[in-house]
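A.B. asks: Sharing entry_20.txt (compact mmCIF, C-alpha atoms) below.
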# COMPACT_ATOMS: atom_id res chain seq x y z
CA MET A 1 11.87 71.97 -2.55
CA ASN A 2 10.05 72.46 -5.82
CA ASN A 3 8.63 75.98 -6.05
CA SER A 4 5.97 74.82 -8.54
CA ALA A 5 4.63 72.16 -6.17
CA ALA A 6 1.01 72.30 -5.03
CA ILE A 7 2.06 71.67 -1.43
CA ARG A 8 5.40 72.48 0.18
CA ILE A 9 6.14 71.72 3.82
CA ILE A 10 9.40 73.13 5.20
CA ASN A 11 10.85 72.20 8.62
CA LEU A 12 7.34 71.93 10.07
CA SER A 13 6.89 71.19 13.77
CA LYS A 14 3.95 71.29 16.16
CA GLU A 15 4.46 71.04 19.89
CA PHE A 16 1.46 71.00 22.23
CA SER A 17 3.66 70.85 25.32
CA ARG A 18 7.36 70.53 26.07
CA ARG A 19 7.18 66.75 26.00
CA ASN A 20 4.55 66.40 23.31
CA MET A 21 6.07 67.03 19.86
CA VAL A 22 3.25 65.86 17.58
CA ILE A 23 4.84 67.01 14.29
CA ASP A 24 8.62 66.80 14.27
CA ASN A 25 10.51 68.77 11.58
CA ILE A 26 8.67 67.50 8.50
CA ASN A 27 9.81 68.37 4.97
CA LEU A 28 7.58 67.27 2.11
CA SER A 29 6.55 68.28 -1.41
CA VAL A 30 3.45 67.27 -3.37
CA GLU A 31 3.22 68.00 -7.09
CA ARG A 32 0.21 69.51 -8.84
CA GLY A 33 -2.25 66.85 -9.96
CA GLU A 34 -0.68 64.24 -7.70
CA LEU A 35 -2.57 61.71 -5.59
CA PHE A 36 -0.53 61.62 -2.40
CA CYS A 37 -1.19 59.29 0.51
CA LEU A 38 -0.18 59.56 4.16
CA VAL A 39 -0.10 56.30 6.12
CA GLY A 40 0.56 55.80 9.82
CA THR A 41 -0.69 54.32 13.05
CA ASN A 42 -3.16 56.03 15.39
CA GLY A 43 -1.36 58.85 17.16
CA ALA A 44 1.28 59.21 14.45
CA GLY A 45 0.21 62.82 13.81
CA LYS A 46 -1.66 62.42 10.50
CA THR A 47 -4.77 64.39 11.49
CA THR A 48 -2.66 67.09 13.16
CA LEU A 49 -0.64 67.47 9.96
CA LEU A 50 -3.84 67.83 7.91
CA LYS A 51 -5.13 70.49 10.33
CA LEU A 52 -1.86 72.39 9.96
CA LEU A 53 -2.06 72.19 6.18
CA CYS A 54 -5.62 73.54 6.26
CA ASN A 55 -4.67 76.35 8.69
CA LEU A 56 -7.01 75.03 11.38
CA ILE A 57 -4.17 75.11 13.90
CA LEU A 58 -0.88 77.02 13.88
CA PRO A 59 2.57 75.40 13.73
CA THR A 60 5.20 75.86 16.41
CA SER A 61 7.80 76.38 13.69
CA GLY A 62 8.29 75.91 9.96
CA GLU A 63 6.39 76.99 6.86
CA ILE A 64 3.65 75.63 4.61
CA PHE A 65 2.90 76.76 1.06
CA ILE A 66 -0.28 75.78 -0.81
CA ASN A 67 -0.35 76.76 -4.50
CA GLY A 68 2.46 79.18 -3.76
CA TYR A 69 0.61 80.88 -0.88
CA ASN A 70 2.07 80.95 2.60
CA VAL A 71 -0.62 79.29 4.74
CA ILE A 72 -0.09 81.68 7.64
CA LYS A 73 0.62 84.96 5.84
CA ASP A 74 -1.88 84.41 3.00
CA SER A 75 -4.56 82.57 4.96
CA GLU A 76 -7.54 83.91 2.98
CA ARG A 77 -6.03 83.00 -0.40
CA THR A 78 -5.00 79.61 0.96
CA ARG A 79 -8.47 78.79 2.22
CA SER A 80 -9.99 79.70 -1.13
CA SER A 81 -7.75 77.17 -2.88
CA ILE A 82 -8.24 74.16 -0.59
CA GLY A 83 -11.02 71.84 0.47
CA LEU A 84 -11.07 69.53 3.48
CA VAL A 85 -13.09 66.31 3.54
CA THR A 86 -13.45 64.35 6.77
CA GLY A 87 -15.68 61.58 7.97
CA ASP A 88 -17.11 63.85 10.67
CA GLU A 89 -20.86 63.84 10.05
CA ARG A 90 -21.43 66.16 13.03
CA SER A 91 -20.39 69.15 10.90
CA PHE A 92 -23.62 68.79 8.92
CA TYR A 93 -27.11 69.77 10.08
CA TRP A 94 -28.90 66.46 10.41
CA ARG A 95 -32.47 67.81 10.23
CA LEU A 96 -31.79 69.81 7.07
CA THR A 97 -31.90 68.21 3.65
CA GLY A 98 -28.79 67.56 1.59
CA LYS A 99 -29.57 70.54 -0.62
CA GLN A 100 -30.33 72.83 2.34
CA ASN A 101 -27.01 71.92 3.93
CA MET A 102 -25.18 72.72 0.72
CA LYS A 103 -26.97 76.06 0.32
CA PHE A 104 -25.94 76.98 3.85
CA PHE A 105 -22.27 76.12 3.27
CA ALA A 106 -22.30 77.93 -0.09
CA THR A 107 -22.85 81.22 1.77
CA PHE A 108 -19.34 80.88 3.25
CA TYR A 109 -17.94 81.21 -0.28
CA ASN A 110 -20.05 84.29 -1.06
CA LEU A 111 -21.94 82.49 -3.81
CA SER A 112 -25.15 84.16 -4.92
CA SER A 113 -28.42 82.26 -4.74
CA TYR A 114 -28.25 81.62 -8.49
CA GLU A 115 -24.57 80.59 -8.42
CA SER A 116 -25.10 78.22 -5.49
CA ARG A 117 -28.12 76.59 -7.14
CA ILE A 118 -26.19 75.94 -10.36
CA LYS A 119 -23.10 74.72 -8.48
CA ILE A 120 -25.04 72.42 -6.15
CA ASP A 121 -26.99 70.84 -9.01
CA GLU A 122 -23.71 70.31 -10.87
CA LEU A 123 -22.05 68.66 -7.86
CA PHE A 124 -25.02 66.44 -7.08
CA LYS A 125 -24.98 65.23 -10.67
CA LEU A 126 -21.20 64.73 -10.62
CA LEU A 127 -21.32 62.74 -7.38
CA HIS A 128 -24.52 60.85 -8.23
CA ILE A 129 -26.32 62.16 -5.16
CA GLU A 130 -29.99 61.38 -5.64
CA GLU A 131 -32.88 62.56 -3.47
CA PRO A 132 -31.38 66.00 -2.69
CA ASP A 133 -34.44 66.89 -0.58
CA LYS A 134 -33.92 64.03 1.83
CA ARG A 135 -32.89 64.88 5.40
CA PHE A 136 -29.18 64.41 6.01
CA GLN A 137 -29.79 61.94 8.85
CA GLU A 138 -31.65 59.65 6.45
CA TYR A 139 -28.79 59.24 3.96
CA SER A 140 -26.53 56.20 3.89
CA SER A 141 -22.93 56.55 5.07
CA GLY A 142 -21.77 56.49 1.46
CA ILE A 143 -24.01 59.40 0.44
CA LYS A 144 -22.97 61.37 3.55
CA GLN A 145 -19.35 61.00 2.45
CA ARG A 146 -20.28 62.17 -1.05
CA LEU A 147 -21.93 65.23 0.47
CA SER A 148 -18.69 65.93 2.35
CA ILE A 149 -16.82 65.89 -0.97
CA ALA A 150 -19.48 68.09 -2.60
CA ARG A 151 -19.10 70.65 0.18
CA ALA A 152 -15.31 70.71 -0.29
CA LEU A 153 -15.80 71.32 -4.03
CA LEU A 154 -18.18 74.27 -3.68
CA ASN A 155 -15.37 76.74 -4.30
CA ASP A 156 -13.78 74.53 -6.98
CA SER A 157 -10.61 74.26 -4.89
CA PRO A 158 -7.58 72.86 -6.77
CA VAL A 159 -6.19 71.09 -3.67
CA LEU A 160 -8.21 68.62 -1.60
CA PHE A 161 -7.34 67.08 1.76
CA LEU A 162 -9.15 63.85 2.62
CA ASP A 163 -8.93 62.44 6.15
CA GLU A 164 -9.85 58.74 6.41
CA LEU A 165 -12.56 59.22 3.79
CA THR A 166 -13.62 55.58 3.42
CA LYS A 167 -13.47 54.72 7.12
CA GLY A 168 -16.67 52.95 8.16
CA LEU A 169 -17.96 52.48 4.62
CA ASP A 170 -19.00 49.12 3.22
CA PRO A 171 -16.63 47.68 0.56
CA ALA A 172 -18.86 48.63 -2.38
CA SER A 173 -19.27 52.26 -1.26
CA ALA A 174 -15.55 52.55 -0.50
CA LYS A 175 -14.68 51.23 -3.96
CA GLU A 176 -17.02 53.72 -5.66
CA LEU A 177 -15.43 56.61 -3.76
CA ARG A 178 -11.91 55.47 -4.65
CA ILE A 179 -12.83 55.31 -8.34
CA PHE A 180 -14.39 58.76 -8.15
CA ILE A 181 -11.32 60.25 -6.47
CA LYS A 182 -8.86 58.75 -8.94
CA GLU A 183 -10.78 58.98 -12.21
CA THR A 184 -12.89 62.11 -11.73
CA LEU A 185 -11.17 64.36 -9.21
CA VAL A 186 -7.57 63.71 -10.28
CA LYS A 187 -7.60 62.54 -13.90
CA GLU A 188 -10.58 64.54 -15.17
CA LYS A 189 -10.73 67.58 -12.86
CA LYS A 190 -6.93 67.78 -12.41
CA LYS A 191 -7.17 68.21 -8.63
CA THR A 192 -4.27 67.63 -6.27
CA VAL A 193 -5.39 65.17 -3.60
CA PHE A 194 -3.63 64.61 -0.27
CA PHE A 195 -5.29 61.84 1.73
CA SER A 196 -4.68 59.82 4.87
CA THR A 197 -5.73 56.22 5.42
CA HIS A 198 -5.14 53.16 7.58
CA ASN A 199 -6.00 50.91 4.64
CA LEU A 200 -2.73 49.81 3.02
CA HIS A 201 -4.40 48.36 -0.06
CA GLU A 202 -6.36 51.59 -0.52
CA ALA A 203 -3.05 53.48 -0.43
CA GLU A 204 -1.51 51.08 -2.94
CA GLU A 205 -4.51 51.29 -5.29
CA LEU A 206 -4.91 55.07 -5.24
CA ALA A 207 -1.64 56.81 -4.53
CA ASP A 208 0.98 58.07 -6.95
CA ARG A 209 3.25 58.39 -3.91
CA ILE A 210 3.00 57.21 -0.31
CA ALA A 211 4.52 58.71 2.84
CA PHE A 212 4.85 56.75 6.06
CA MET A 213 4.47 58.63 9.34
CA ARG A 214 5.59 57.53 12.79
CA LYS A 215 5.72 59.57 15.99
CA GLY A 216 5.35 62.85 14.13
CA LYS A 217 8.07 62.13 11.57
CA ILE A 218 8.01 61.06 7.93
CA THR A 219 10.08 57.87 7.82
CA ALA A 220 9.96 57.54 4.01
CA ASP A 221 8.06 58.70 0.94
CA GLY A 222 8.03 57.67 -2.71
CA THR A 223 6.29 55.54 -5.30
CA ILE A 224 5.81 51.84 -4.57
CA ASP A 225 8.68 50.99 -6.92
CA GLU A 226 10.97 53.59 -5.32
CA LEU A 227 10.22 52.26 -1.86
CA ARG A 228 10.87 48.70 -3.00
CA LYS A 229 14.18 49.81 -4.50
CA THR A 230 15.18 51.45 -1.21
CA MET A 231 14.39 48.18 0.55
CA GLY A 232 16.28 46.16 -2.05
CA ARG A 233 13.20 43.99 -2.59
CA GLN A 234 11.34 44.33 -5.88
CA ASP A 235 8.86 41.64 -4.79
CA ALA A 236 7.89 43.39 -1.52
CA SER A 237 4.15 43.63 -0.84
CA ILE A 238 2.55 46.78 0.55
CA GLU A 239 2.51 45.08 3.97
CA ASP A 240 6.26 44.37 3.69
CA ILE A 241 6.92 48.00 2.73
CA TYR A 242 4.83 49.26 5.64
CA ASP A 243 6.57 47.01 8.17
CA TYR A 244 10.00 47.98 6.88
CA PHE A 245 9.59 51.75 6.97
CA MET A 246 7.40 51.92 10.08
CA ASN A 247 9.87 49.84 12.08
CA LYS A 248 13.03 51.27 10.58
CA LYS A 249 15.33 52.85 13.18
CA ASP A 250 15.96 56.60 12.88
Output the structure of this file as structure tokens.

C.D. replies:
Amino acid sequence: MNNSAAIRIINLSKEFSRRNMVIDNINLSVERGELFCLVGTNGAGKTTLLKLLCNLILPTSGEIFINGYNVIKDSERTRSSIGLVTGDERSFYWRLTGKQNMKFFATFYNLSSYESRIKIDELFKLLHIEEPDKRFQEYSSGIKQRLSIARALLNDSPVLFLDELTKGLDPASAKELRIFIKETLVKEKKKTVFFSTHNLHEAEELADRIAFMRKGKITADGTIDELRKTMGRQDASIEDIYDYFMNKKD
């Protein structure tokens, strides 16, 4: 494992019951400034892995390091260096405005009133969120997703975890978010982004590296070219790569 990596996962397992091993001895490393994608079927363990990485649940065994911090032993430092973005709109207050929601969440990062005002205005401008005084329930799905990203960036976290970010978005809104993630968050802001998706073409378009997950295990990870080389097929499409590694016998 690379000690300078943004994310290091070592022999990680999560067992909810004796016969329910959701995460099964995963080892993985993600470099700083990398756009890393996790692909798998429903029930593969992707969301559980993200929750473990964000210290929302505890592992049964193994270790996780984020920016050099042990997620369990240095939980406060870890949380200050990560941001989690999900498509769960229920975590916002629907009757509050976009700006009011952001002011509320800013208090969790101990930002002063002045600091939060400056930061929120900066993020709204960065994410092209107009009508900040509109109630959350009145925003489009695309703007709600942008607000989720803005919330995750309140503490200027260097590592971002995105769980099915474009799920349910129309093609135009999904494309805008993908461009923002790749061009602004990674290339311009130098963030490390770890995201999960069911959309194979989204993974191919965005990711520097892709990992395939099945039944709690990582079956393969690498760049598209590396995965093609492993297959022995330089002409393999993303669908071919997915089928090969998701159906490959252990």

A.B. asks: From the options A:Leu49, A:Leu154, A:Leu160, A:Ile26, which residue's atoms come nearest to A:Thr78, counting only C-alpha atoms?

C.D. replies: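 Of all the options, A:Leu160 lies closest to A:Thr78.
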
A.B. asks: Identify which of the residues A:Phe105, A:Tyr93, A:Phe245, A:Phe194 lies closest to A:Lys119, counting all atoms listed in the file when measuring atom-to-atom distances.

C.D. replies: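 Closest candidate: A:Phe105.
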
A.B. asks: Using only C-alpha atoms, which of the listed residues (A:Lys46, A:Lys103, A:Lys182, A:Lys14) sits closest to A:Pro59?

C.D. replies: A:Lys14

A.B. asks: Need to verify the contact set: A:Leu50, 10 Å, only C-alpha atoms, exclusion of same-chain residues closer than 3 positions in sequence. Can you return it as a list in words?

C.D. replies: Leu38, Gly45, Lys46, Thr47, Leu53, Cys54, Asn55, Leu56, Ile57, Leu84, Phe161, Leu162, Asp163, Phe194, Phe195 and Ser196 of chain A

A.B. asks: For atom CA of A:Ile149 and atom CA of A:Thr86, determine how far apart the two atoms are, in Å to one decimal place.

C.D. replies: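 So the two atoms, atom CA of A:Ile149 and atom CA of A:Thr86, lie 8.6 Å apart.
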
A.B. asks: Could you please determine the separation between atom CA of A:Glu138 and atom CA of A:Trp94 in Å, to one decimal place?

C.D. replies: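 Atom CA of A:Glu138 sits 8.3 Å away from atom CA of A:Trp94.
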
A.B. asks: Would you work out the distance separating atom CA of A:Arg209 from atom CA of A:Gly168, expressed in Å to one decimal?

C.D. replies: 23.9 Å

A.B. asks: Would you kindly return, as a PDB file with C-alpha atoms, in the frame of the given file, each protein, DNA or RNA residue with an atom no farther than 10 Å from any atom of A:Arg228, considering only C-alpha atoms and excluding same-chain residues fewer than 5 positions away?

C.D. replies:
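Just written: around-v8.pdb:
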ATOM      1  CA  GLY A 222       8.030  57.670  -2.710  1.00  0.00           C
ATOM      2  CA  THR A 223       6.290  55.540  -5.300  1.00  0.00           C
ATOM      3  CA  ARG A 233      13.200  43.990  -2.590  1.00  0.00           C
ATOM      4  CA  GLN A 234      11.340  44.330  -5.880  1.00  0.00           C
ATOM      5  CA  ASP A 235       8.860  41.640  -4.790  1.00  0.00           C
ATOM      6  CA  ALA A 236       7.890  43.390  -1.520  1.00  0.00           C
ATOM      7  CA  SER A 237       4.150  43.630  -0.840  1.00  0.00           C
ATOM      8  CA  ILE A 238       2.550  46.780   0.550  1.00  0.00           C
ATOM      9  CA  ASP A 240       6.260  44.370   3.690  1.00  0.00           C
ATOM     10  CA  ILE A 241       6.920  48.000   2.730  1.00  0.00           C
ATOM     11  CA  TYR A 244      10.000  47.980   6.880  1.00  0.00           C
TER      12      TYR A 244
END

A.B. asks: Please determine the residues with any atom at most 12 Å from (6.7, 53.0, 3.8) (coordinates as given in the file, with only C-alpha atoms counting) and report them as a PyMOL selection string.

C.D. replies: chain A and resi 37-41+200+203-204+209-214+218-231+236-248

A.B. asks: Just checking: using all atoms listed in the file, which residue out of A:Leu35, A:Leu28, A:Val71, A:Ile10 ends up closest to A:Thr192?

C.D. replies: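 Of A:Leu35, A:Leu28, A:Val71, A:Ile10, the one nearest A:Thr192, counting all atoms listed in the file, is A:Leu35.
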
A.B. asks: Give me, as number ranges by chain, all polymer residues having an atom no more than 12 Å from A:Phe108, counting all atoms listed in the file and skipping those fewer than 3 positions away in the same chain.

C.D. replies: A: 79-80, 101-105, 111-112, 116, 151-152, 154-155
